[in-house]
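Below is one structure, written out as structure tokens, with a few remarks after it.
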Amino acid sequence: MQTEINEPLIEEKKSISFIWILPLIILSVLIWTLYESYSKKGTNIQIIFNSAEGLKEGITPLKYRGLELGKVTKIVIKDLERVEVNILVKKDAVDYVAVEGSKFWIKKPTVTLTKISGLDTLISGYEIEVMPKYNKDKDLKSQTKFTGLDSQPNFEYIKDGYYITLLLRDGNSVNIGMPLFYNSMQVGEIVSKELYENNVYIKAHIYKKYENLVNESSSFILNDAVKVNFGAGGFNLKVSSLYSALVGGIKVKTSDLNAKKITDDKQYLLYTSDDNLEEKVIINIEFLDAEDIGEDTSIMYKGITIGKVTNISLNTNSVNAQAFIYKKYKYLLTNNSRFEINSAEISLDGIKNIGTVFTGKYITLNYKKGEFKTYFKDKKLLNSQINADDLELTLKADSLGSITNKSKIYYKDIEIGKISNISLSKNFNQVIIKIQIYGKYKNIISNNSLFYDMSSKLIDIKNLDLNINYSGINPLLKGAIAVIKDDKQSKLTKKTFKILKSHQEAYKIKKMRNKGFTLKTAFENNFRLEEDMPIYYQNYEIGFINKVDFEEHYSKAELFIYNKYKKYITKHSKFYKKSPVKVDASLNGILFEIGDISSLLYGSISLDNSSKKEINGYQIYDSFDTMKNSTNTINIVFDNIDGIIEQSSKLVYKGINIGKVIDISLSKNQKIVLKVQIDKNYDEFTKQGNKYYLKKSKISLQEVKNLSSTIFAVNIGVVKGNGKKTQVLFNGYDSISDIADSTKGKIFKVESLHATSAGVDSPIYYKNVQIGKINKIDLSSDASKVVLDCLIYNKYTNIIRKNSNFYDISGFKLKFSIFSGTKIETNTFTSFLKGGLMVVTPKEYDKKANGNDKFILKEELMDDWEKISPIIK
């Protein structure tokens with residue numbers, strides 16, 4: 001066997017091995033990394049700070065407007081008071097940061113009245129901020145060592161910004177960061193302020209988008225966000241807004257939006273108030289005294305401030321007030337215009353000018369056409385001077401009492417004159433009082449005029465007869481003389497009169513001068529009448545009680561009626577004793593009413609002709625209510641009257657009180673009968689068809705009604721009908737909805753063993769469509785069940801059949817099972833909140849139900865109720 005020999009395979013060996021490729025790649029990456037690291041290597045700078053609080057090596061960044069330019073690499077304690085912070089600045093930022101003029105500070109969270117900044121550092125930590133020094137026309141020298149600022153610099157110019165310079169005498173009211181407002185919109189802020197030659201120069205930056213709103217026509221005023229002024233001019237508090245109240249601000253007013261921009265070389269005055277901008281007319285007002293006014297006292301015309309007092313100076317017998325009036329009101333300054341000081345006045349008639357208690361007294365201008373004038377005398381000073389048209393009289397009195405030189409003369413509580421002099425008679429037996437009656441009132445005085453002392457005695461008790469001599473606060477404190485006018489209006493020929501001691505004495509003399517007729521009346525003995533009691537009709541005195549005869553059970557009174565009022569006495573006339581003081585409390589407040597001086601002293605009788613019913617004989621009732629109760633009443637029958645209060649519950653029609661409940665009683669069949677007195681339009685509210693209901697409070701998801709009845713008495717409302725006949729007995733409804741429901745549906749009785757979550761007005765559903773509501777909930781007659789009156793609307797009554805079922809779907813039901821888990825069931829959101837019922841009528845439905853049919857309320861709705869869908873015909 002021959003052996004086969006193969007030729008050897010010869011391969012050429014490569015010069016470079018594949019194994020060297022990987023190290024070459026790694027070497028290239030290392031070389032590239034080193035090159036990148038070297039090429040991007042930044043520059044180290046050192047900054048000296050007073051504290052390094054919040055700074056961390058390798059973490060705290062160097063930033064400019066949010067852009068990171070470097071990072072803290074090392075923090076070294078320079079000495080016990082300073083630290084040196086080393087920062088590696090990125091190479092591409094070195095030319096801007098590491099140059100002379102750069103400013104560095106530590107950015108911390110800052111909260112002030114005008115600015116909130118740096119809040120992000122609460123999470124990321126403190127930062128170092130830089131403000132580079134940049135000048136495109138000049139190369140800046142390099143610098144690596146800096147001294148840091150304690151805080152952010154107050155002012156750095158923004159490139160192409162719009163800056164204005166304002167001049168202010170006192171810079172305490174302006175702070176850096178204070179906003180500038182234009183129509184309550186912030187348009188800029190104060191960025192710096194400097195003191196130079198006793199003036200404060202303020203630099204303000206106007207935001208770019210608002211530059212067109214500020215120009216050479218602009219005016220600048222300090223915003224009186226909170227201005228308090230307290231002095232002779234009163235207490236004055238102004239608050240503009242919460243923001244401006246905290247930070248203040250400057251208002252900008254621009255008259256011409258097309259004017260030129262403000263140049264850097266111009267300075268504008270910053271005014272302290274709007275008054276400085278207004279053109280003014282300087283005037284002088286001479287006052288009798290200045291106890292009521294001072295500097296800054298306002299001058300008002302028709303409630304508008306037209307000027308202010310600027311200076312007070314003393315004359316020989318008067319006080320001169322220098323003031324200004326805004327030029328736009330210059331036309332009010334005429335030779336016929338008058339100035340008067342307004343102050344609070346308290347009397348039985350009420351409180352006048354109560355606002356002056358808080359704002360201080362002010363000066364009012366009474367304008368009348370005339371020629372322009374700048375010098376005036378106030379009303380008090382003019383009145384102190386005797387005019388040629390005034391009437392001078394002499395009064396004689398046995399004693400002076402409380403009358404002084406400052407006492408006034410009154411007619412019907414109106415000042416008509418004053419006392420000019422007081423002296424003793426030659427024999428010293430009498431007091432001689434010279435008085436001055438103002439010219440426009442002198443026709444009031446005649447030979448039969450009666451003058452009496454309004455203040456000589458406050459209370460005089462004689463033989464158990466109480467005499468109160470009172471007519472207001474001022475006469476009591478300052479003394480006063482009153483005048484009673486002569487009804488006959490006789491001529492004035494004499495100049496001397498006697499002062500009577502009291503109004504009572506003057507009143508008796510006046511009554512004796514009248515002519516009239518007598519009227520016989522009767523009254524019950526449960527109240528008292530006195531001779532000389534005045535009789536009034538519509539606030540006019542028409543007579544007085546001439547004589548009173550008391551008997552055991554029923555007394556008689558003889559009335560004297562003046563002839564001129566005879567026509568007001570008719571067959572319908574009634575009389576009642578009027579209380580001198582009336583207090584009426586309601587939601588509108590408390591009404592405190594006092595009659596005139598006569599009724600306050602003696603009580604009074606009032607004539608009433610409102611009734612149309614004729615009466616046999618005249619009677620005096622003890623009060624207006626008692627008189628009304630004798631007629632003009634109706635009776636309303638209710639099942640329940642919770643909240644009704646006798647004498648407090650009102651009868652209300654369209655928000656107007658037309659009567660009130662005067663009596664509550666129980667009828668034989670256990671119904672509640674309200675006796676209601678009607679004060680207005682009695683005939684209208686006694687017509688058949690009128691329906692009366694209780695105005696109870698109602699609070700639900702849909703509405704809130706009559707909320708006041710939860711605090712005060714429940715009132716009675718009325719819905720007027722169209723009947724023509726009259727009646728005085730009515731059936732009342734529990735609410736106005738009962739009146740409406742009686743015509744729009746049918747009631748079906750549903751019984752339950754216990755109360756449900758469903759209440760009055762809870763909805764009733766059929767296939768989740770509301771077909772009615774629960775109208776009433778009550779107990780059965782034997783109290784064994786709860787009966788629900790279910791109102792089904794007319795269009796749905798066909799659904800209710802004798803075999804229909806009512807289910808309680810109120811709230812939600814919670815089912816829990818170990819195997820099936822927890823299940824929450826509810827029907828509708830409304831039924832969850834308000835409660836409700838569901839009606840299911842079976843497919844094999846029965847005859848229509850009627851009001852006598854009764855249904856049993858089932859507690860749980862069947863599972864397949866939705867599948868029951870009968871076609872009801």
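Residue numbers start at 1 in each chain; chains themselves are named A, B, ... in the order of the structure tokens; ligands are numbered from 1 in the order shown.
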Spatial neighbours of region 610-613 of chain A, max dist 8 Å, only C-alpha atoms, sep filter under 2 positions, as a PDB file with C-alpha atoms, in the first residue's frame:
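Output file around_36.pdb is given in full below:
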ATOM      1  CA  HIS A 572    -117.315 106.822  61.657  1.00  0.00           C
ATOM      2  CA  SER A 573    -115.007 108.732  64.011  1.00  0.00           C
ATOM      3  CA  ASP A 608    -109.189 108.074  63.647  1.00  0.00           C
ATOM      4  CA  ILE A 615    -121.117 103.653  65.214  1.00  0.00           C
ATOM      5  CA  THR A 631    -113.330  96.100  63.879  1.00  0.00           C
ATOM      6  CA  ASN A 632    -111.269  95.159  60.829  1.00  0.00           C
TER       7      ASN A 632
END
Shell of 9 Å around region 670-672 of chain A, only C-alpha atoms, local chain residues under 2 positions omitted, as a PyMOL selection string: chain A and resi 636-641+664-668+674
Atoms kept (N, CA, C and O atoms) for selection, written as a PDB file, in the first residue's frame:
ATOM      1  N   ILE A 636    -108.428  83.044  61.002  1.00  0.00           N
ATOM      2  CA  ILE A 636    -107.799  82.048  60.133  1.00  0.00           C
ATOM      3  C   ILE A 636    -107.573  80.793  60.957  1.00  0.00           C
ATOM      4  O   ILE A 636    -107.008  80.846  62.057  1.00  0.00           O
ATOM      5  N   VAL A 637    -108.026  79.633  60.417  1.00  0.00           N
ATOM      6  CA  VAL A 637    -107.957  78.364  61.131  1.00  0.00           C
ATOM      7  C   VAL A 637    -106.773  77.550  60.599  1.00  0.00           C
ATOM      8  O   VAL A 637    -106.652  77.338  59.380  1.00  0.00           O
ATOM      9  N   PHE A 638    -105.906  77.077  61.510  1.00  0.00           N
ATOM     10  CA  PHE A 638    -104.736  76.274  61.148  1.00  0.00           C
ATOM     11  C   PHE A 638    -104.745  74.968  61.950  1.00  0.00           C
ATOM     12  O   PHE A 638    -105.332  74.886  63.041  1.00  0.00           O
ATOM     13  N   ASP A 639    -104.055  73.961  61.404  1.00  0.00           N
ATOM     14  CA  ASP A 639    -103.831  72.724  62.157  1.00  0.00           C
ATOM     15  C   ASP A 639    -102.676  72.891  63.140  1.00  0.00           C
ATOM     16  O   ASP A 639    -102.687  72.331  64.225  1.00  0.00           O
ATOM     17  N   ASN A 640    -101.662  73.642  62.740  1.00  0.00           N
ATOM     18  CA  ASN A 640    -100.474  73.819  63.563  1.00  0.00           C
ATOM     19  C   ASN A 640     -99.914  75.224  63.304  1.00  0.00           C
ATOM     20  O   ASN A 640     -99.879  75.667  62.155  1.00  0.00           O
ATOM     21  N   ILE A 641     -99.465  75.899  64.342  1.00  0.00           N
ATOM     22  CA  ILE A 641     -98.979  77.284  64.159  1.00  0.00           C
ATOM     23  C   ILE A 641     -97.624  77.476  64.832  1.00  0.00           C
ATOM     24  O   ILE A 641     -97.361  78.493  65.467  1.00  0.00           O
ATOM     25  N   ILE A 664    -104.816  84.322  69.848  1.00  0.00           N
ATOM     26  CA  ILE A 664    -104.699  82.906  69.476  1.00  0.00           C
ATOM     27  C   ILE A 664    -105.622  82.110  70.390  1.00  0.00           C
ATOM     28  O   ILE A 664    -105.563  82.246  71.621  1.00  0.00           O
ATOM     29  N   SER A 665    -106.486  81.276  69.801  1.00  0.00           N
ATOM     30  CA  SER A 665    -107.420  80.481  70.607  1.00  0.00           C
ATOM     31  C   SER A 665    -107.574  79.092  69.995  1.00  0.00           C
ATOM     32  O   SER A 665    -107.167  78.845  68.854  1.00  0.00           O
ATOM     33  N   LEU A 666    -108.183  78.179  70.779  1.00  0.00           N
ATOM     34  CA  LEU A 666    -108.391  76.792  70.356  1.00  0.00           C
ATOM     35  C   LEU A 666    -109.879  76.555  70.158  1.00  0.00           C
ATOM     36  O   LEU A 666    -110.697  76.864  71.031  1.00  0.00           O
ATOM     37  N   SER A 667    -110.250  76.014  68.972  1.00  0.00           N
ATOM     38  CA  SER A 667    -111.662  75.758  68.679  1.00  0.00           C
ATOM     39  C   SER A 667    -112.114  74.450  69.309  1.00  0.00           C
ATOM     40  O   SER A 667    -111.311  73.683  69.861  1.00  0.00           O
ATOM     41  N   LYS A 668    -113.434  74.161  69.224  1.00  0.00           N
ATOM     42  CA  LYS A 668    -113.992  72.952  69.826  1.00  0.00           C
ATOM     43  C   LYS A 668    -113.446  71.678  69.187  1.00  0.00           C
ATOM     44  O   LYS A 668    -113.317  70.645  69.842  1.00  0.00           O
ATOM     45  N   LEU A 674    -106.583  81.904  64.654  1.00  0.00           N
ATOM     46  CA  LEU A 674    -105.834  83.143  64.798  1.00  0.00           C
ATOM     47  C   LEU A 674    -106.740  84.316  64.468  1.00  0.00           C
ATOM     48  O   LEU A 674    -107.372  84.341  63.411  1.00  0.00           O
TER      49      LEU A 674
END
For each of A:Ile285, A:Lys361, A:Glu505, A:Asn635, take the minimum atom-to-atom distance to Thr297 (chain A), counting only C-alpha atoms, then give the residue where this is smallest. A:Lys361
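Atom pair CA of Phe544 (chain A) / CA of Ser604 (chain A): separated by 8.5 Å.
Of the listed residues (A:Ile716, A:Leu694, A:Val29, A:Leu55), A:Ile716 comes nearest to Val661 (chain A); the distances count only C-alpha atoms.
Taking only C-alpha atoms into account, Leu269 (chain A) lies nearest to A:Leu166 out of the set A:Ile176, A:Lys725, A:Asn342, A:Leu166.
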For Ser869 (chain A), which residue among A:Trp32, A:Trp20, A:Tyr845, A:Phe523 is the nearest when counting only C-alpha atoms? A:Tyr845
Using only C-alpha atoms, which protein or nucleic acid residues come within 12 Å of Gly439 (chain A)? Drop anything in the same chain fewer than 4 positions from it, and give the result as number ranges by chain. A: 383, 386-392, 416-418, 443-445
Could those residues be written to a file, using all heavy atoms, as an mmCIF file, in the first residue's frame?
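Here's the written file selection.cif:
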data_model
loop_
_atom_site.group_PDB
_atom_site.id
_atom_site.type_symbol
_atom_site.label_atom_id
_atom_site.label_comp_id
_atom_site.auth_asym_id
_atom_site.auth_seq_id
_atom_site.Cartn_x
_atom_site.Cartn_y
_atom_site.Cartn_z
ATOM 1 N N ASN A 383 -75.033 136.223 62.100
ATOM 2 C CA ASN A 383 -76.185 136.252 63.016
ATOM 3 C C ASN A 383 -75.899 137.046 64.282
ATOM 4 O O ASN A 383 -76.818 137.549 64.942
ATOM 5 C CB ASN A 383 -76.592 134.826 63.389
ATOM 6 C CG ASN A 383 -77.245 134.089 62.225
ATOM 7 O OD1 ASN A 383 -77.719 134.718 61.277
ATOM 8 N ND2 ASN A 383 -77.267 132.761 62.291
ATOM 9 N N ILE A 386 -76.426 142.641 64.486
ATOM 10 C CA ILE A 386 -77.825 143.067 64.365
ATOM 11 C C ILE A 386 -78.054 143.651 62.970
ATOM 12 O O ILE A 386 -77.372 144.586 62.550
ATOM 13 C CB ILE A 386 -78.174 144.110 65.439
ATOM 14 C CG1 ILE A 386 -78.011 143.497 66.835
ATOM 15 C CG2 ILE A 386 -79.589 144.638 65.229
ATOM 16 C CD1 ILE A 386 -78.279 144.469 67.963
ATOM 17 N N ASN A 387 -79.021 143.052 62.276
ATOM 18 C CA ASN A 387 -79.379 143.550 60.955
ATOM 19 C C ASN A 387 -80.534 144.538 61.067
ATOM 20 O O ASN A 387 -81.359 144.470 61.985
ATOM 21 C CB ASN A 387 -79.770 142.394 60.034
ATOM 22 C CG ASN A 387 -78.607 141.451 59.796
ATOM 23 O OD1 ASN A 387 -77.473 141.889 59.648
ATOM 24 N ND2 ASN A 387 -78.885 140.155 59.760
ATOM 25 N N ALA A 388 -80.626 145.412 60.098
ATOM 26 C CA ALA A 388 -81.691 146.425 60.114
ATOM 27 C C ALA A 388 -83.067 145.798 60.013
ATOM 28 O O ALA A 388 -84.062 146.365 60.481
ATOM 29 C CB ALA A 388 -81.463 147.409 58.962
ATOM 30 N N ASP A 389 -83.123 144.580 59.443
ATOM 31 C CA ASP A 389 -84.407 143.920 59.231
ATOM 32 C C ASP A 389 -84.858 143.115 60.451
ATOM 33 O O ASP A 389 -85.972 142.610 60.486
ATOM 34 C CB ASP A 389 -84.306 143.005 58.009
ATOM 35 C CG ASP A 389 -85.680 142.645 57.463
ATOM 36 O OD1 ASP A 389 -86.585 143.488 57.518
ATOM 37 O OD2 ASP A 389 -85.844 141.491 57.001
ATOM 38 N N ASP A 390 -83.986 142.973 61.465
ATOM 39 C CA ASP A 390 -84.333 142.176 62.647
ATOM 40 C C ASP A 390 -85.318 142.932 63.538
ATOM 41 O O ASP A 390 -85.403 144.170 63.511
ATOM 42 C CB ASP A 390 -83.077 141.831 63.445
ATOM 43 C CG ASP A 390 -82.190 140.832 62.714
ATOM 44 O OD1 ASP A 390 -82.667 140.255 61.703
ATOM 45 O OD2 ASP A 390 -81.043 140.638 63.133
ATOM 46 N N LEU A 391 -86.046 142.141 64.360
ATOM 47 C CA LEU A 391 -87.033 142.708 65.283
ATOM 48 C C LEU A 391 -86.492 142.623 66.703
ATOM 49 O O LEU A 391 -86.130 141.541 67.175
ATOM 50 C CB LEU A 391 -88.357 141.933 65.165
ATOM 51 C CG LEU A 391 -89.461 142.303 66.160
ATOM 52 C CD1 LEU A 391 -89.933 143.748 65.919
ATOM 53 C CD2 LEU A 391 -90.637 141.328 66.028
ATOM 54 N N GLU A 392 -86.445 143.770 67.411
ATOM 55 C CA GLU A 392 -85.960 143.809 68.788
ATOM 56 C C GLU A 392 -87.144 143.931 69.746
ATOM 57 O O GLU A 392 -88.001 144.794 69.588
ATOM 58 C CB GLU A 392 -85.006 144.982 68.988
ATOM 59 C CG GLU A 392 -83.704 144.827 68.225
ATOM 60 C CD GLU A 392 -82.705 145.925 68.569
ATOM 61 O OE1 GLU A 392 -82.064 145.817 69.650
ATOM 62 O OE2 GLU A 392 -82.594 146.881 67.793
ATOM 63 N N ILE A 416 -85.276 131.024 65.833
ATOM 64 C CA ILE A 416 -85.753 132.211 65.115
ATOM 65 C C ILE A 416 -85.162 133.493 65.670
ATOM 66 O O ILE A 416 -85.441 134.584 65.160
ATOM 67 C CB ILE A 416 -87.293 132.298 65.153
ATOM 68 C CG1 ILE A 416 -87.777 132.511 66.599
ATOM 69 C CG2 ILE A 416 -87.933 131.083 64.523
ATOM 70 C CD1 ILE A 416 -89.246 132.896 66.688
ATOM 71 N N GLY A 417 -84.350 133.377 66.725
ATOM 72 C CA GLY A 417 -83.775 134.583 67.310
ATOM 73 C C GLY A 417 -82.789 134.252 68.409
ATOM 74 O O GLY A 417 -82.459 133.080 68.644
ATOM 75 N N LYS A 418 -82.317 135.281 69.096
ATOM 76 C CA LYS A 418 -81.326 135.100 70.156
ATOM 77 C C LYS A 418 -81.463 136.215 71.186
ATOM 78 O O LYS A 418 -82.165 137.219 70.975
ATOM 79 C CB LYS A 418 -79.933 135.114 69.553
ATOM 80 C CG LYS A 418 -79.595 136.440 68.892
ATOM 81 C CD LYS A 418 -78.214 136.421 68.279
ATOM 82 C CE LYS A 418 -77.904 137.777 67.632
ATOM 83 N NZ LYS A 418 -76.570 137.808 67.054
ATOM 84 N N ASN A 443 -92.510 138.006 61.237
ATOM 85 C CA ASN A 443 -93.961 137.954 61.046
ATOM 86 C C ASN A 443 -94.645 136.933 61.943
ATOM 87 O O ASN A 443 -95.873 136.900 62.039
ATOM 88 C CB ASN A 443 -94.291 137.651 59.584
ATOM 89 C CG ASN A 443 -93.931 138.811 58.661
ATOM 90 O OD1 ASN A 443 -93.916 139.962 59.093
ATOM 91 N ND2 ASN A 443 -93.629 138.515 57.408
ATOM 92 N N ILE A 444 -93.847 136.080 62.584
ATOM 93 C CA ILE A 444 -94.420 135.110 63.523
ATOM 94 C C ILE A 444 -94.957 135.827 64.772
ATOM 95 O O ILE A 444 -95.933 135.390 65.381
ATOM 96 C CB ILE A 444 -93.351 134.061 63.923
ATOM 97 C CG1 ILE A 444 -92.982 133.195 62.714
ATOM 98 C CG2 ILE A 444 -93.832 133.187 65.079
ATOM 99 C CD1 ILE A 444 -91.834 132.249 62.977
ATOM 100 N N ILE A 445 -94.337 136.933 65.143
ATOM 101 C CA ILE A 445 -94.652 137.628 66.394
ATOM 102 C C ILE A 445 -95.849 138.563 66.200
ATOM 103 O O ILE A 445 -95.920 139.330 65.238
ATOM 104 C CB ILE A 445 -93.446 138.435 66.900
ATOM 105 C CG1 ILE A 445 -92.190 137.555 66.921
ATOM 106 C CG2 ILE A 445 -93.733 138.994 68.287
ATOM 107 C CD1 ILE A 445 -92.312 136.324 67.791
#
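If you count only C-alpha atoms and ignore residues fewer than 4 places along the chain from Leu400 (chain A), what sits within 9 Å of it is Thr404, Ile422, Gln430, Val431, Ile433 and Ser456 of chain A.
Using only C-alpha atoms, the residues found no farther than 9 Å from region 772-780 of chain A, other than those of its own chain fewer than 6 positions away, are Ser737, Asp738, Asp741, Gly745, Ile747, Glu751, Ala755, Ala758, Gly759, Val760, Asp761, Ser762, Pro763, Ile764, Tyr765, Val786, Val787, Leu788, Asp789, Cys790, Leu791, Ile792, Tyr793, Tyr796, Gly836 and Leu837 of chain A.
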